[in-house]
Amino acid sequence: DIQMTQSPSSLSASVGDRVTITCRASQSISTYLNWYQQKPGKAPKLLIYTASTLQSGVPLRFSGSGSGTDFTLTVSSLEPEDFATYYCLQSYSTLFTFGGGTKVEIK
Amino acid sequence: QVQLVQSGSELKKPGASVKVSCKASGYTFTRYGMNWVRQAPGQGLEWMGWINTNTGNPTYAQGFTGRFVFSLDTSVSTAYLQISSLKAEDTAVYYCARDVTVKPLDYWGQGTLVTVSS
């Protein structure tokens, strides 16, 4: 199975900060990497697919990049509603795997 | 609009079985597969597998073979997750999520909490 390693596992940031989360795959997954946001008590929401394509309705402050094994999710300027947990998901293999998650907390 | 509506919370005793439903609307059910995802209390997301809604063929992730069964009733656009021989460690929220080739897990159900306790 392909292992996905996310870092950091948590971070504290302030409104307006630029935040970057990374996800590393145990083998090359091309651009089959997707990012999700989850708020407490809610289902996850798709933010970005195929590494860099923004899902419809997602604010432009979110962006994704990377290919092969290393990927990043960037929030250019944190808004209050962005405090949540973020997960990457590889969909290269027939057996998908999530990263461990990154909790973004208010500093 | 696309909606996935899951069945309500369940409280089960160890050794029992549970069947969670996920009713889809707003799209042609058999066009897209259905994934299942587990989230234990305070933990991250685990992809359990998916079922091809056109053929009924399931694929299970490692750790979700044997006691976990995905099934369908296409006549009512519903996917099911059945878990048998329940254990305390099966306590979790279970989500269904639609599978689109380039946009995996683009729509999610609201989640079903399964609690296993004596």
# chains A, B, ... in the order shown; residues from 1 in each chain; ligands from 1

$ closest_atom_pairs --of "chain A" --to "chain B" --cutoff "10 Å" --atoms "only C-alpha atoms" --output "Markdown table"
| residue | atom | partner | partner_atom | distance |
| --- | --- | --- | --- | --- |
| A:Asp1 | CA | B:Gln62 | CA | 8.5 |
| A:Tyr32 | CA | B:Val102 | CA | 8.2 |
| A:Leu33 | CA | B:Pro104 | CA | 9.5 |
| A:Asn34 | CA | B:Pro104 | CA | 7.8 |
| A:Tyr36 | CA | B:Leu105 | CA | 9.2 |
| A:Gln38 | CA | B:Leu45 | CA | 9.9 |
| A:Pro40 | CA | B:Gly42 | CA | 9.8 |
| A:Gly41 | CA | B:Gly111 | CA | 9.2 |
| A:Lys42 | CA | B:Gln110 | CA | 7.0 |
| A:Ala43 | CA | B:Gln110 | CA | 5.7 |
| A:Pro44 | CA | B:Trp108 | CA | 7.2 |
| A:Lys45 | CA | B:Asp106 | CA | 7.4 |
| A:Leu46 | CA | B:Asp106 | CA | 5.7 |
| A:Leu47 | CA | B:Asp106 | CA | 8.9 |
| A:Ile48 | CA | B:Lys103 | CA | 8.5 |
| A:Tyr49 | CA | B:Lys103 | CA | 5.7 |
| A:Thr50 | CA | B:Val102 | CA | 6.8 |
| A:Thr53 | CA | B:Lys103 | CA | 9.5 |
| A:Gln55 | CA | B:Lys103 | CA | 8.5 |
| A:Thr85 | CA | B:Gly44 | CA | 9.2 |
| A:Tyr86 | CA | B:Gly44 | CA | 9.7 |
| A:Tyr87 | CA | B:Leu45 | CA | 7.9 |
| A:Cys88 | CA | B:Leu45 | CA | 9.8 |
| A:Leu89 | CA | B:Pro104 | CA | 8.9 |
| A:Gln90 | CA | B:Pro104 | CA | 9.3 |
| A:Ser91 | CA | B:Pro104 | CA | 7.2 |
| A:Thr94 | CA | B:Thr59 | CA | 8.3 |
| A:Leu95 | CA | B:Ala61 | CA | 6.1 |
| A:Phe96 | CA | B:Trp47 | CA | 6.4 |
| A:Thr97 | CA | B:Trp47 | CA | 6.1 |
| A:Phe98 | CA | B:Glu46 | CA | 6.4 |
| A:Gly99 | CA | B:Leu45 | CA | 8.0 |
| A:Gly100 | CA | B:Gly44 | CA | 5.9 |
| A:Gly101 | CA | B:Gly44 | CA | 6.3 |
| A:Thr102 | CA | B:Gly44 | CA | 9.4 |

$ residues_around --residues "A:Asp17" --least-positions-apart "3" --cutoff "12 Å" --atoms "only C-alpha atoms" --output "CSV table (one decimal) with C-alpha atoms, in the first residue's frame"
chain,number,residue,atom,x,y,z
A,11,LEU,CA,0.1,24.1,13.7
A,12,SER,CA,-1.0,27.3,15.4
A,13,ALA,CA,-1.5,30.4,13.2
A,14,SER,CA,-3.2,33.7,13.2
A,20,THR,CA,1.6,25.5,4.1
A,61,ARG,CA,-6.7,31.6,-1.1
A,74,THR,CA,-1.2,26.5,0.9
A,75,VAL,CA,-3.6,28.9,2.4
A,76,SER,CA,-2.4,32.4,1.3
A,77,SER,CA,-4.2,34.3,4.1
A,78,LEU,CA,-6.0,32.4,6.8
A,79,GLU,CA,-9.6,33.4,7.5
A,80,PRO,CA,-11.4,32.5,10.7
A,82,ASP,CA,-10.2,28.0,7.8
A,83,PHE,CA,-9.4,26.7,11.2
A,104,VAL,CA,-4.8,24.2,12.0
A,105,GLU,CA,-5.5,26.0,15.3
A,106,ILE,CA,-5.9,29.6,16.2
A,107,LYS,CA,-2.7,31.1,17.8

$ atom_distance --atom1 "atom CA of B:Glu10" --atom2 "atom CA of B:Leu81"
12.8 Å

$ atom_distance --atom1 "atom CA of B:Lys87" --atom2 "atom CA of B:Leu113"
14.1 Å

$ select_by_dssp --residues "stretch 1-84 of chain A" --states "strand (DSSP E or B)" --output "PDB file with N, CA, C and O atoms, in the first residue's frame"
ATOM      1  N   MET A   4       1.005   7.683   3.081  1.00  0.00           N
ATOM      2  CA  MET A   4       0.971   9.138   2.945  1.00  0.00           C
ATOM      3  C   MET A   4       1.355   9.758   4.278  1.00  0.00           C
ATOM      4  O   MET A   4       0.714   9.485   5.300  1.00  0.00           O
ATOM      5  N   THR A   5       2.381  10.587   4.268  1.00  0.00           N
ATOM      6  CA  THR A   5       2.864  11.227   5.487  1.00  0.00           C
ATOM      7  C   THR A   5       2.623  12.719   5.404  1.00  0.00           C
ATOM      8  O   THR A   5       3.159  13.391   4.515  1.00  0.00           O
ATOM      9  N   GLN A   6       1.814  13.221   6.309  1.00  0.00           N
ATOM     10  CA  GLN A   6       1.491  14.640   6.344  1.00  0.00           C
ATOM     11  C   GLN A   6       2.299  15.320   7.427  1.00  0.00           C
ATOM     12  O   GLN A   6       2.510  14.751   8.503  1.00  0.00           O
ATOM     13  N   SER A   7       2.679  16.569   7.171  1.00  0.00           N
ATOM     14  CA  SER A   7       3.337  17.350   8.208  1.00  0.00           C
ATOM     15  C   SER A   7       3.024  18.837   8.033  1.00  0.00           C
ATOM     16  O   SER A   7       2.802  19.293   6.900  1.00  0.00           O
ATOM     17  N   SER A  10       0.044  19.274  13.503  1.00  0.00           N
ATOM     18  CA  SER A  10      -0.752  20.417  13.950  1.00  0.00           C
ATOM     19  C   SER A  10       0.082  21.680  13.844  1.00  0.00           C
ATOM     20  O   SER A  10       1.321  21.615  13.806  1.00  0.00           O
ATOM     21  N   LEU A  11      -0.614  22.790  13.762  1.00  0.00           N
ATOM     22  CA  LEU A  11       0.072  24.081  13.741  1.00  0.00           C
ATOM     23  C   LEU A  11      -0.855  25.140  14.306  1.00  0.00           C
ATOM     24  O   LEU A  11      -2.090  25.006  14.232  1.00  0.00           O
ATOM     25  N   SER A  12      -0.243  26.167  14.864  1.00  0.00           N
ATOM     26  CA  SER A  12      -0.992  27.321  15.360  1.00  0.00           C
ATOM     27  C   SER A  12      -0.679  28.510  14.468  1.00  0.00           C
ATOM     28  O   SER A  12       0.491  28.751  14.139  1.00  0.00           O
ATOM     29  N   ALA A  13      -1.697  29.211  14.077  1.00  0.00           N
ATOM     30  CA  ALA A  13      -1.514  30.350  13.182  1.00  0.00           C
ATOM     31  C   ALA A  13      -2.551  31.412  13.487  1.00  0.00           C
ATOM     32  O   ALA A  13      -3.563  31.143  14.173  1.00  0.00           O
ATOM     33  N   VAL A  19      -0.139  29.744   5.375  1.00  0.00           N
ATOM     34  CA  VAL A  19       0.067  28.428   5.967  1.00  0.00           C
ATOM     35  C   VAL A  19       0.340  27.410   4.859  1.00  0.00           C
ATOM     36  O   VAL A  19      -0.323  27.429   3.817  1.00  0.00           O
ATOM     37  N   THR A  20       1.313  26.554   5.107  1.00  0.00           N
ATOM     38  CA  THR A  20       1.638  25.502   4.149  1.00  0.00           C
ATOM     39  C   THR A  20       1.650  24.156   4.857  1.00  0.00           C
ATOM     40  O   THR A  20       2.263  24.002   5.921  1.00  0.00           O
ATOM     41  N   ILE A  21       0.968  23.194   4.272  1.00  0.00           N
ATOM     42  CA  ILE A  21       0.907  21.819   4.775  1.00  0.00           C
ATOM     43  C   ILE A  21       1.500  20.926   3.700  1.00  0.00           C
ATOM     44  O   ILE A  21       1.252  21.129   2.502  1.00  0.00           O
ATOM     45  N   THR A  22       2.297  19.956   4.119  1.00  0.00           N
ATOM     46  CA  THR A  22       2.910  19.073   3.134  1.00  0.00           C
ATOM     47  C   THR A  22       2.416  17.636   3.282  1.00  0.00           C
ATOM     48  O   THR A  22       2.009  17.204   4.370  1.00  0.00           O
ATOM     49  N   CYS A  23       2.474  16.936   2.193  1.00  0.00           N
ATOM     50  CA  CYS A  23       2.075  15.534   2.141  1.00  0.00           C
ATOM     51  C   CYS A  23       3.106  14.816   1.279  1.00  0.00           C
ATOM     52  O   CYS A  23       3.413  15.278   0.169  1.00  0.00           O
ATOM     53  N   ARG A  24       3.637  13.724   1.794  1.00  0.00           N
ATOM     54  CA  ARG A  24       4.652  12.972   1.059  1.00  0.00           C
ATOM     55  C   ARG A  24       4.165  11.544   0.857  1.00  0.00           C
ATOM     56  O   ARG A  24       3.721  10.890   1.811  1.00  0.00           O
ATOM     57  N   ALA A  25       4.282  11.067  -0.359  1.00  0.00           N
ATOM     58  CA  ALA A  25       3.878   9.698  -0.688  1.00  0.00           C
ATOM     59  C   ALA A  25       5.092   8.775  -0.638  1.00  0.00           C
ATOM     60  O   ALA A  25       6.209   9.194  -0.926  1.00  0.00           O
ATOM     61  N   LEU A  33      -3.364  13.382  -6.186  1.00  0.00           N
ATOM     62  CA  LEU A  33      -3.360  13.802  -4.805  1.00  0.00           C
ATOM     63  C   LEU A  33      -4.482  14.807  -4.586  1.00  0.00           C
ATOM     64  O   LEU A  33      -4.653  15.727  -5.400  1.00  0.00           O
ATOM     65  N   ASN A  34      -5.234  14.594  -3.535  1.00  0.00           N
ATOM     66  CA  ASN A  34      -6.420  15.396  -3.258  1.00  0.00           C
ATOM     67  C   ASN A  34      -6.369  15.893  -1.819  1.00  0.00           C
ATOM     68  O   ASN A  34      -5.788  15.236  -0.950  1.00  0.00           O
ATOM     69  N   TRP A  35      -6.956  17.058  -1.598  1.00  0.00           N
ATOM     70  CA  TRP A  35      -6.966  17.667  -0.255  1.00  0.00           C
ATOM     71  C   TRP A  35      -8.396  17.878   0.221  1.00  0.00           C
ATOM     72  O   TRP A  35      -9.255  18.306  -0.552  1.00  0.00           O
ATOM     73  N   TYR A  36      -8.609  17.602   1.506  1.00  0.00           N
ATOM     74  CA  TYR A  36      -9.921  17.742   2.130  1.00  0.00           C
ATOM     75  C   TYR A  36      -9.794  18.575   3.401  1.00  0.00           C
ATOM     76  O   TYR A  36      -8.770  18.534   4.079  1.00  0.00           O
ATOM     77  N   GLN A  37     -10.883  19.284   3.705  1.00  0.00           N
ATOM     78  CA  GLN A  37     -10.978  20.068   4.930  1.00  0.00           C
ATOM     79  C   GLN A  37     -12.086  19.467   5.775  1.00  0.00           C
ATOM     80  O   GLN A  37     -13.167  19.181   5.256  1.00  0.00           O
ATOM     81  N   GLN A  38     -11.838  19.292   7.050  1.00  0.00           N
ATOM     82  CA  GLN A  38     -12.871  18.795   7.941  1.00  0.00           C
ATOM     83  C   GLN A  38     -12.979  19.671   9.175  1.00  0.00           C
ATOM     84  O   GLN A  38     -11.981  19.932   9.851  1.00  0.00           O
ATOM     85  N   LYS A  45     -14.711  17.885   3.327  1.00  0.00           N
ATOM     86  CA  LYS A  45     -15.108  18.598   2.109  1.00  0.00           C
ATOM     87  C   LYS A  45     -13.900  18.612   1.168  1.00  0.00           C
ATOM     88  O   LYS A  45     -12.779  18.914   1.587  1.00  0.00           O
ATOM     89  N   LEU A  46     -14.153  18.286  -0.088  1.00  0.00           N
ATOM     90  CA  LEU A  46     -13.085  18.290  -1.087  1.00  0.00           C
ATOM     91  C   LEU A  46     -12.678  19.719  -1.404  1.00  0.00           C
ATOM     92  O   LEU A  46     -13.516  20.551  -1.763  1.00  0.00           O
ATOM     93  N   LEU A  47     -11.380  20.012  -1.283  1.00  0.00           N
ATOM     94  CA  LEU A  47     -10.857  21.334  -1.608  1.00  0.00           C
ATOM     95  C   LEU A  47     -10.152  21.350  -2.960  1.00  0.00           C
ATOM     96  O   LEU A  47     -10.385  22.242  -3.776  1.00  0.00           O
ATOM     97  N   ILE A  48      -9.252  20.393  -3.137  1.00  0.00           N
ATOM     98  CA  ILE A  48      -8.373  20.373  -4.302  1.00  0.00           C
ATOM     99  C   ILE A  48      -8.244  18.939  -4.782  1.00  0.00           C
ATOM    100  O   ILE A  48      -8.093  18.013  -3.976  1.00  0.00           O
ATOM    101  N   TYR A  49      -8.292  18.745  -6.095  1.00  0.00           N
ATOM    102  CA  TYR A  49      -8.074  17.423  -6.671  1.00  0.00           C
ATOM    103  C   TYR A  49      -6.999  17.490  -7.745  1.00  0.00           C
ATOM    104  O   TYR A  49      -6.667  18.588  -8.225  1.00  0.00           O
ATOM    105  N   THR A  53      -6.010  21.385  -8.751  1.00  0.00           N
ATOM    106  CA  THR A  53      -7.273  21.899  -9.288  1.00  0.00           C
ATOM    107  C   THR A  53      -8.233  22.198  -8.157  1.00  0.00           C
ATOM    108  O   THR A  53      -8.586  21.317  -7.372  1.00  0.00           O
ATOM    109  N   LEU A  54      -8.666  23.453  -8.099  1.00  0.00           N
ATOM    110  CA  LEU A  54      -9.562  23.891  -7.039  1.00  0.00           C
ATOM    111  C   LEU A  54     -10.976  23.379  -7.315  1.00  0.00           C
ATOM    112  O   LEU A  54     -11.503  23.551  -8.425  1.00  0.00           O
ATOM    113  N   PHE A  62      -6.916  29.179  -1.310  1.00  0.00           N
ATOM    114  CA  PHE A  62      -6.408  27.808  -1.240  1.00  0.00           C
ATOM    115  C   PHE A  62      -5.713  27.455  -2.548  1.00  0.00           C
ATOM    116  O   PHE A  62      -6.227  27.748  -3.633  1.00  0.00           O
ATOM    117  N   SER A  63      -4.554  26.820  -2.457  1.00  0.00           N
ATOM    118  CA  SER A  63      -3.881  26.343  -3.648  1.00  0.00           C
ATOM    119  C   SER A  63      -3.103  25.073  -3.310  1.00  0.00           C
ATOM    120  O   SER A  63      -2.737  24.834  -2.155  1.00  0.00           O
ATOM    121  N   GLY A  64      -2.883  24.272  -4.340  1.00  0.00           N
ATOM    122  CA  GLY A  64      -2.138  23.037  -4.170  1.00  0.00           C
ATOM    123  C   GLY A  64      -1.084  22.914  -5.244  1.00  0.00           C
ATOM    124  O   GLY A  64      -1.234  23.446  -6.349  1.00  0.00           O
ATOM    125  N   SER A  65      -0.009  22.237  -4.915  1.00  0.00           N
ATOM    126  CA  SER A  65       1.055  22.034  -5.887  1.00  0.00           C
ATOM    127  C   SER A  65       1.759  20.716  -5.597  1.00  0.00           C
ATOM    128  O   SER A  65       1.564  20.103  -4.533  1.00  0.00           O
ATOM    129  N   GLY A  66       2.581  20.314  -6.560  1.00  0.00           N
ATOM    130  CA  GLY A  66       3.386  19.116  -6.379  1.00  0.00           C
ATOM    131  C   GLY A  66       3.083  18.040  -7.395  1.00  0.00           C
ATOM    132  O   GLY A  66       2.065  18.083  -8.100  1.00  0.00           O
ATOM    133  N   SER A  67       4.000  17.097  -7.478  1.00  0.00           N
ATOM    134  CA  SER A  67       3.819  15.913  -8.317  1.00  0.00           C
ATOM    135  C   SER A  67       4.857  14.888  -7.876  1.00  0.00           C
ATOM    136  O   SER A  67       5.849  15.243  -7.223  1.00  0.00           O
ATOM    137  N   ASP A  70       5.955  14.577  -3.536  1.00  0.00           N
ATOM    138  CA  ASP A  70       5.868  15.704  -2.606  1.00  0.00           C
ATOM    139  C   ASP A  70       4.825  16.721  -3.044  1.00  0.00           C
ATOM    140  O   ASP A  70       4.854  17.198  -4.186  1.00  0.00           O
ATOM    141  N   PHE A  71       3.949  17.050  -2.098  1.00  0.00           N
ATOM    142  CA  PHE A  71       2.814  17.917  -2.388  1.00  0.00           C
ATOM    143  C   PHE A  71       2.627  18.927  -1.268  1.00  0.00           C
ATOM    144  O   PHE A  71       2.986  18.676  -0.113  1.00  0.00           O
ATOM    145  N   THR A  72       2.055  20.071  -1.632  1.00  0.00           N
ATOM    146  CA  THR A  72       1.758  21.082  -0.624  1.00  0.00           C
ATOM    147  C   THR A  72       0.365  21.651  -0.820  1.00  0.00           C
ATOM    148  O   THR A  72      -0.122  21.773  -1.945  1.00  0.00           O
ATOM    149  N   LEU A  73      -0.245  21.981   0.293  1.00  0.00           N
ATOM    150  CA  LEU A  73      -1.486  22.752   0.329  1.00  0.00           C
ATOM    151  C   LEU A  73      -1.128  24.072   0.995  1.00  0.00           C
ATOM    152  O   LEU A  73      -0.536  24.082   2.078  1.00  0.00           O
ATOM    153  N   THR A  74      -1.468  25.168   0.335  1.00  0.00           N
ATOM    154  CA  THR A  74      -1.173  26.493   0.874  1.00  0.00           C
ATOM    155  C   THR A  74      -2.457  27.291   1.023  1.00  0.00           C
ATOM    156  O   THR A  74      -3.307  27.273   0.134  1.00  0.00           O
ATOM    157  N   VAL A  75      -2.575  27.951   2.158  1.00  0.00           N
ATOM    158  CA  VAL A  75      -3.621  28.936   2.358  1.00  0.00           C
ATOM    159  C   VAL A  75      -2.922  30.279   2.417  1.00  0.00           C
ATOM    160  O   VAL A  75      -2.095  30.518   3.313  1.00  0.00           O
TER     161      VAL A  75
END

$ residues_around --residues "B:Ala79" --least-positions-apart "3" --cutoff "12 Å" --atoms "only C-alpha atoms" --output "MDAnalysis selection string"
chainID B and resid 4:7 19:25 29:30 32:36 50:54 56 58 69:76 82 95:98 109
